[in-house]
>>> print(open('my_file_34.pdb').read())   # PDB, C-alpha atoms
MODEL        1
ATOM      1  CA  MET A   1      26.983 -23.076  10.502
ATOM      2  CA  LEU A   2      26.003 -19.432  10.030
ATOM      3  CA  ASP A   3      27.726 -16.581  11.784
ATOM      4  CA  ALA A   4      25.776 -15.023  14.718
ATOM      5  CA  TYR A   5      25.622 -11.685  12.853
ATOM      6  CA  ILE A   6      23.930 -13.300   9.839
ATOM      7  CA  ILE A   7      21.427 -15.118  12.044
ATOM      8  CA  GLU A   8      20.583 -11.836  13.794
ATOM      9  CA  GLN A   9      20.085 -10.044  10.447
ATOM     10  CA  ILE A  10      17.762 -12.797   9.210
ATOM     11  CA  ARG A  11      15.736 -12.580  12.439
ATOM     12  CA  LYS A  12      15.446  -8.767  12.148
ATOM     13  CA  ARG A  13      14.261  -8.999   8.531
ATOM     14  CA  GLU A  14      11.634 -11.596   9.439
ATOM     15  CA  GLU A  15      10.385  -9.421  12.313
ATOM     16  CA  GLU A  16      10.181  -6.401   9.982
ATOM     17  CA  ARG A  17       8.190  -8.365   7.395
ATOM     18  CA  ARG A  18       5.867  -9.684  10.082
ATOM     19  CA  ARG A  19       5.362  -6.155  11.465
ATOM     20  CA  ILE A  20       4.462  -4.816   8.023
ATOM     21  CA  TYR A  21       2.010  -7.618   7.198
ATOM     22  CA  GLU A  22       0.307  -7.504  10.591
ATOM     23  CA  ARG A  23      -0.575  -3.818  10.380
ATOM     24  CA  PRO A  24      -4.251  -3.077  10.887
ATOM     25  CA  ALA A  25      -6.025  -2.384   7.623
ATOM     26  CA  LEU A  26      -9.179  -0.429   6.995
ATOM     27  CA  GLU A  27     -11.290  -1.327   3.982
ATOM     28  CA  LEU A  28     -13.294   1.558   2.599
ATOM     29  CA  PRO A  29     -16.491   1.014   0.659
ATOM     30  CA  LEU A  30     -15.823   2.178  -2.877
ATOM     31  CA  PRO A  31     -18.569   3.695  -4.995
ATOM     32  CA  GLU A  32     -19.558   1.851  -8.121
ATOM     33  CA  GLU A  33     -17.531   2.936 -11.107
ATOM     34  CA  ARG A  34     -19.093   5.539 -13.332
ATOM     35  CA  PRO A  35     -19.133   4.980 -17.062
ATOM     36  CA  ARG A  36     -15.954   6.483 -18.449
ATOM     37  CA  ARG A  37     -16.058   9.448 -20.731
ATOM     38  CA  LYS A  38     -14.116   9.668 -23.944
ATOM     39  CA  GLU A  39     -10.537  10.033 -22.731
ATOM     40  CA  ARG A  40     -11.183  13.054 -20.545
ATOM     41  CA  GLU A  41     -13.473  15.263 -22.572
ATOM     42  CA  GLU A  42     -12.966  18.156 -20.190
ATOM     43  CA  PRO A  43      -9.262  19.049 -19.864
ATOM     44  CA  ASP A  44     -10.070  21.429 -16.947
ATOM     45  CA  GLU A  45     -11.071  18.471 -14.789
ATOM     46  CA  GLU A  46      -8.473  17.640 -12.111
ATOM     47  CA  PRO A  47      -6.963  14.151 -12.216
ATOM     48  CA  SER A  48      -8.051  11.578  -9.663
ATOM     49  CA  ARG A  49      -5.979  11.516  -6.506
ATOM     50  CA  VAL A  50      -5.107   8.848  -3.965
ATOM     51  CA  ILE A  51      -4.478   9.496  -0.306
ATOM     52  CA  VAL A  52      -2.334   7.012   1.623
ATOM     53  CA  ILE A  53      -2.519   7.107   5.401
ATOM     54  CA  ASP A  54       0.245   5.261   7.237
ATOM     55  CA  LEU A  55      -0.570   4.576  10.852
TER      56      LEU A  55
ENDMDL
END
>>> encode(input="my_file_34.pdb", output="structure tokens")
Amino acid sequence: MLDAYIIEQIRKREEERRRIYERPALELPLPEERPRRKEREEPDEEPSRVIVIDL
């Protein structure tokens, strides 16, 4: 039989996983991909960036 502390830790981890997976998600329509240029012809162009919003 498992110790009460271990059972409580397992329950907390399961609740945390469930909380993470049940977060609301917003799907954004992505534009169609443009044809790629030759490995960044213009070095002055800024790299693509990703914004992550955590609610």
>>> atom_distance(input="my_file_34.pdb", atom1="CA of Tyr21 (chain A)", atom2="CA of Ser48 (chain A)")
27.5 Å
>>> residues_around(input="my_file_34.pdb", residues="Arg23 (chain A)", least_positions_apart="6", cutoff="12 Å", atoms="all atoms listed in the file", output="PyMOL selection string")
chain A and resi 16-17+54-55
>>> axis_aligned_box(input="my_file_34.pdb", around="region 22-26 of chain A", padding_each_side="3 Å", output="AutoDock Vina command-line options")
--center_x -4.4 --center_y -4.0 --center_z 8.9 --size_x 15.5 --size_y 13.1 --size_z 9.9
>>> atom_distance(input="my_file_34.pdb", atom1="CA of Ile51 (chain A)", atom2="CA of Arg19 (chain A)")
21.9 Å
>>> atom_distance(input="my_file_34.pdb", atom1="CA of Ala25 (chain A)", atom2="CA of Glu8 (chain A)")
28.9 Å
